[in-house]
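**Q** This is target36.cif (mmCIF, C-alpha atoms).
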```
data_entry
loop_
_atom_site.group_PDB
_atom_site.id
_atom_site.type_symbol
_atom_site.label_atom_id
_atom_site.label_comp_id
_atom_site.auth_asym_id
_atom_site.auth_seq_id
_atom_site.Cartn_x
_atom_site.Cartn_y
_atom_site.Cartn_z
ATOM 1 C CA MET A 1 -5.691 15.961 -2.072
ATOM 2 C CA VAL A 2 -4.757 12.737 -3.824
ATOM 3 C CA HIS A 3 -5.255 9.252 -2.388
ATOM 4 C CA VAL A 4 -3.299 6.365 -3.881
ATOM 5 C CA SER A 5 -4.781 3.028 -2.791
ATOM 6 C CA VAL A 6 -2.796 -0.208 -2.827
ATOM 7 C CA GLY A 7 -4.597 -3.373 -1.842
ATOM 8 C CA SER A 8 -4.953 -7.116 -1.990
ATOM 9 C CA PRO A 9 -6.807 -9.694 0.081
ATOM 10 C CA ALA A 10 -3.714 -9.678 2.325
ATOM 11 C CA GLY A 11 -4.075 -5.991 3.256
ATOM 12 C CA THR A 12 -4.445 -2.448 1.996
ATOM 13 C CA TYR A 13 -2.897 0.959 2.420
ATOM 14 C CA SER A 14 -3.975 4.388 1.199
ATOM 15 C CA VAL A 15 -1.345 7.068 0.658
ATOM 16 C CA ALA A 16 -2.839 10.525 1.157
ATOM 17 C CA SER A 17 0.168 12.514 0.030
ATOM 18 C CA ALA A 18 0.345 14.917 -2.884
ATOM 19 C CA SER A 19 4.153 14.569 -2.782
ATOM 20 C CA PHE A 20 3.934 10.795 -3.185
ATOM 21 C CA PHE A 21 1.653 11.263 -6.176
ATOM 22 C CA ARG A 22 3.759 14.022 -7.754
ATOM 23 C CA TYR A 23 7.200 12.463 -7.197
ATOM 24 C CA VAL A 24 6.485 8.712 -7.329
ATOM 25 C CA VAL A 25 3.314 8.014 -9.319
ATOM 26 C CA ARG A 26 4.107 10.789 -11.827
ATOM 27 C CA LEU A 27 7.914 10.432 -11.764
ATOM 28 C CA ALA A 28 7.948 9.602 -15.482
ATOM 29 C CA ASP A 29 6.473 13.074 -16.139
ATOM 30 C CA THR A 30 9.365 14.964 -14.495
ATOM 31 C CA GLY A 31 11.426 15.061 -17.671
ATOM 32 C CA LEU A 32 14.456 13.420 -16.088
ATOM 33 C CA PRO A 33 16.627 11.554 -18.576
ATOM 34 C CA LEU A 34 16.247 7.933 -17.446
ATOM 35 C CA ARG A 35 18.083 4.808 -18.496
ATOM 36 C CA ALA A 36 15.905 2.311 -20.364
ATOM 37 C CA ALA A 37 15.710 -0.050 -17.360
ATOM 38 C CA ASP A 38 14.685 2.808 -15.056
ATOM 39 C CA ARG A 39 12.091 4.054 -17.551
ATOM 40 C CA ASP A 40 10.663 0.516 -17.783
ATOM 41 C CA ALA A 41 10.482 0.306 -13.991
ATOM 42 C CA VAL A 42 8.697 3.636 -13.456
ATOM 43 C CA ASP A 43 6.357 3.247 -16.431
ATOM 44 C CA VAL A 44 4.241 0.890 -14.314
ATOM 45 C CA LEU A 45 3.718 3.764 -11.841
ATOM 46 C CA ALA A 46 2.577 6.038 -14.674
ATOM 47 C CA ALA A 47 -0.030 3.413 -15.618
ATOM 48 C CA ILE A 48 -1.874 3.722 -12.274
ATOM 49 C CA PRO A 49 -5.370 4.850 -13.303
ATOM 50 C CA ASN A 50 -7.517 7.590 -11.837
ATOM 51 C CA ALA A 51 -10.525 5.879 -10.259
ATOM 52 C CA PHE A 52 -12.933 8.341 -11.869
ATOM 53 C CA VAL A 53 -11.619 8.125 -15.430
ATOM 54 C CA ASP A 54 -12.584 5.425 -17.881
ATOM 55 C CA GLU A 55 -9.431 3.601 -18.849
ATOM 56 C CA ASP A 56 -8.822 1.279 -21.736
ATOM 57 C CA GLU A 57 -7.268 -2.055 -20.960
ATOM 58 C CA MET A 58 -3.514 -1.938 -21.399
ATOM 59 C CA SER A 59 -0.703 -4.056 -20.098
ATOM 60 C CA GLY A 60 3.012 -4.471 -19.682
ATOM 61 C CA ARG A 61 5.454 -6.870 -18.106
ATOM 62 C CA GLY A 62 3.893 -7.926 -14.781
ATOM 63 C CA TRP A 63 0.941 -5.525 -14.867
ATOM 64 C CA ARG A 64 -2.310 -4.593 -16.590
ATOM 65 C CA VAL A 65 -4.978 -1.928 -16.254
ATOM 66 C CA VAL A 66 -8.357 -3.524 -15.683
ATOM 67 C CA PRO A 67 -11.219 -1.234 -16.786
ATOM 68 C CA ALA A 68 -14.247 -0.691 -14.560
ATOM 69 C CA ALA A 69 -16.678 -3.598 -14.809
ATOM 70 C CA SER A 70 -19.753 -1.525 -13.896
ATOM 71 C CA ASP A 71 -20.876 1.936 -12.808
ATOM 72 C CA GLU A 72 -20.145 0.977 -9.196
ATOM 73 C CA ASP A 73 -16.569 -0.059 -10.043
ATOM 74 C CA TRP A 74 -13.424 1.782 -11.151
ATOM 75 C CA PRO A 75 -10.340 0.898 -13.160
ATOM 76 C CA VAL A 76 -7.330 -0.481 -11.318
ATOM 77 C CA LEU A 77 -3.763 -1.355 -12.072
ATOM 78 C CA GLU A 78 -3.357 -5.051 -11.340
ATOM 79 C CA VAL A 79 0.315 -5.774 -10.742
ATOM 80 C CA THR A 80 2.545 -8.407 -9.202
ATOM 81 C CA PRO A 81 4.002 -7.352 -5.850
ATOM 82 C CA GLN A 82 7.485 -7.947 -7.230
ATOM 83 C CA ARG A 83 6.926 -5.618 -10.208
ATOM 84 C CA LEU A 84 5.489 -2.825 -8.056
ATOM 85 C CA ARG A 85 8.251 -3.253 -5.470
ATOM 86 C CA GLY A 86 10.880 -2.883 -8.209
ATOM 87 C CA ALA A 87 9.144 0.253 -9.507
ATOM 88 C CA LEU A 88 8.975 1.815 -6.044
ATOM 89 C CA GLN A 89 12.598 0.994 -5.245
ATOM 90 C CA THR A 90 13.682 2.467 -8.578
ATOM 91 C CA ALA A 91 11.591 5.602 -7.973
ATOM 92 C CA ARG A 92 13.132 5.961 -4.510
ATOM 93 C CA ARG A 93 16.666 5.711 -5.884
ATOM 94 C CA ILE A 94 15.932 8.162 -8.718
ATOM 95 C CA LEU A 95 14.443 10.685 -6.276
ATOM 96 C CA TRP A 96 17.443 10.523 -3.955
ATOM 97 C CA GLU A 97 19.865 10.849 -6.886
ATOM 98 C CA ASN A 98 17.915 13.713 -8.504
ATOM 99 C CA ALA A 99 16.299 15.599 -5.639
ATOM 100 C CA ALA A 100 17.412 19.039 -6.815
ATOM 101 C CA PRO A 101 16.456 18.635 -10.508
ATOM 102 C CA VAL A 102 13.060 17.184 -9.540
ATOM 103 C CA GLY A 103 12.445 19.986 -7.034
ATOM 104 C CA ILE A 104 11.577 17.821 -4.038
ATOM 105 C CA SER A 105 12.322 19.301 -0.619
ATOM 106 C CA ALA A 106 14.100 17.465 2.190
ATOM 107 C CA LEU A 107 10.857 17.157 4.188
ATOM 108 C CA GLU A 108 8.978 15.850 1.150
ATOM 109 C CA ILE A 109 11.585 13.230 0.266
ATOM 110 C CA VAL A 110 11.609 11.896 3.838
ATOM 111 C CA SER A 111 7.799 11.757 3.826
ATOM 112 C CA VAL A 112 7.737 10.019 0.428
ATOM 113 C CA ASP A 113 10.365 7.551 1.650
ATOM 114 C CA GLU A 114 8.202 6.662 4.683
ATOM 115 C CA GLU A 115 5.150 6.156 2.460
ATOM 116 C CA ILE A 116 7.136 3.875 0.147
ATOM 117 C CA ASP A 117 8.122 1.766 3.179
ATOM 118 C CA LYS A 118 4.451 1.409 4.179
ATOM 119 C CA VAL A 119 3.449 0.357 0.656
ATOM 120 C CA LEU A 120 6.358 -2.113 0.553
ATOM 121 C CA ALA A 121 4.992 -3.717 3.733
ATOM 122 C CA VAL A 122 1.616 -4.250 1.992
ATOM 123 C CA LEU A 123 3.426 -5.746 -0.998
ATOM 124 C CA ALA A 124 5.386 -8.132 1.223
ATOM 125 C CA ARG A 125 2.151 -9.440 2.764
ATOM 126 C CA ALA A 126 0.550 -9.845 -0.679
ATOM 127 C CA GLU A 127 3.592 -11.653 -2.040
ATOM 128 C CA ALA A 128 3.759 -13.994 0.955
ATOM 129 C CA ALA A 129 0.089 -14.883 0.459
ATOM 130 C CA GLY A 130 0.461 -15.275 -3.322
ATOM 131 C CA PHE A 131 -1.775 -12.342 -4.319
ATOM 132 C CA SER A 132 -1.405 -9.661 -6.934
ATOM 133 C CA VAL A 133 -2.210 -6.097 -5.861
ATOM 134 C CA ASN A 134 -4.610 -3.484 -7.205
ATOM 135 C CA VAL A 135 -3.635 0.174 -7.351
ATOM 136 C CA SER A 136 -5.644 3.265 -8.265
ATOM 137 C CA TYR A 137 -5.799 6.898 -7.232
ATOM 138 C CA VAL A 138 -8.525 9.419 -6.567
ATOM 139 C CA SER A 139 -7.967 13.138 -6.822
#
```
Take the structure in this file and express it as structure tokens.

**A**
Amino acid sequence: MVHVSVGSPAGTYSVASASFFRYVVRLADTGLPLRAADRDAVDVLAAIPNAFVDEDEMSGRGWRVVPAASDEDWPVLEVTPQRLRGALQTARRILWENAAPVGISALEIVSVDEEIDKVLAVLARAEAAGFSVNVSYVS
């Protein structure tokens, strides 16, 4: 089981879906030929760190990985709601356009789509309140 946590002071949501992890967070690993703009959008999803793995600080446009500050902490992807929203919307479009090559079933794509909507709601609240969001996963 994989849990992807998205949170800010304005609210949190935890996605407990292996399909969401496989087809959204790891979309860049599917081997699909992506346009440069699409690759840039989904690369932020590939940067989401595993909570139990030490990560080096790295960054991109609108995001950065913040390493764990102590033994009681874990690394997180700190990202603007707008940047993460764009990545999720791009991932959604790519999945719908490439369902067969990616190997996602009809039930899985509907489930992933519902999870994306729930994460987008968290992002809307964070954006309205002026917060960035933190994202990590635990497997």

**Q** Give me, please, the distance in Å between atom CA of A:Trp63 and atom CA of A:Leu84, quoted to one decimal.

**A**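 Those two atoms sit 8.6 Å apart.
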
**Q** Would you mind listing, for every residue of stretch 64-110 of chain A within 8 Å of stretch 114-117 of chain A, the two atoms forming the shortest contact and the distance between them in Å to one decimal, using only C-alpha atoms, sorted by chain and ascending residue number, as a tab-separated table?

**A**
```
residue	atom	partner	partner_atom	distance
A:Leu88	CA	A:Ile116	CA	6.8
A:Arg92	CA	A:Ile116	CA	7.9
A:Val110	CA	A:Glu114	CA	6.3
```

**Q** Enumerate, as a VMD selection string, the residues matched when the PyMOL selection byres ((chain A and resi 66) around 12) is run on the file above.

**A** chain A and resid 47 to 51 54 to 59 63 to 65 67 to 70 73 to 79 133 to 136

**Q** How many Å lie between atom CA of A:Ala124 and atom CA of A:Arg22, rounded to one decimal?

**A** 24.0 Å

**Q** Name the residues in contact with stretch 107-109 of chain A at a cut-off of 10 Å, using all atoms listed in the file, excluding same-chain residues fewer than 4 positions from it; report them as a PDB file with C-alpha atoms, in the coordinates of the input.

**A**
```pdb
ATOM      1  CA  SER A  17       0.168  12.514   0.030  1.00  0.00           C
ATOM      2  CA  ALA A  18       0.345  14.917  -2.884  1.00  0.00           C
ATOM      3  CA  SER A  19       4.153  14.569  -2.782  1.00  0.00           C
ATOM      4  CA  PHE A  20       3.934  10.795  -3.185  1.00  0.00           C
ATOM      5  CA  TYR A  23       7.200  12.463  -7.197  1.00  0.00           C
ATOM      6  CA  ARG A  92      13.132   5.961  -4.510  1.00  0.00           C
ATOM      7  CA  LEU A  95      14.443  10.685  -6.276  1.00  0.00           C
ATOM      8  CA  TRP A  96      17.443  10.523  -3.955  1.00  0.00           C
ATOM      9  CA  ALA A  99      16.299  15.599  -5.639  1.00  0.00           C
ATOM     10  CA  GLY A 103      12.445  19.986  -7.034  1.00  0.00           C
ATOM     11  CA  ASP A 113      10.365   7.551   1.650  1.00  0.00           C
ATOM     12  CA  GLU A 114       8.202   6.662   4.683  1.00  0.00           C
ATOM     13  CA  GLU A 115       5.150   6.156   2.460  1.00  0.00           C
TER      14      GLU A 115
END
```
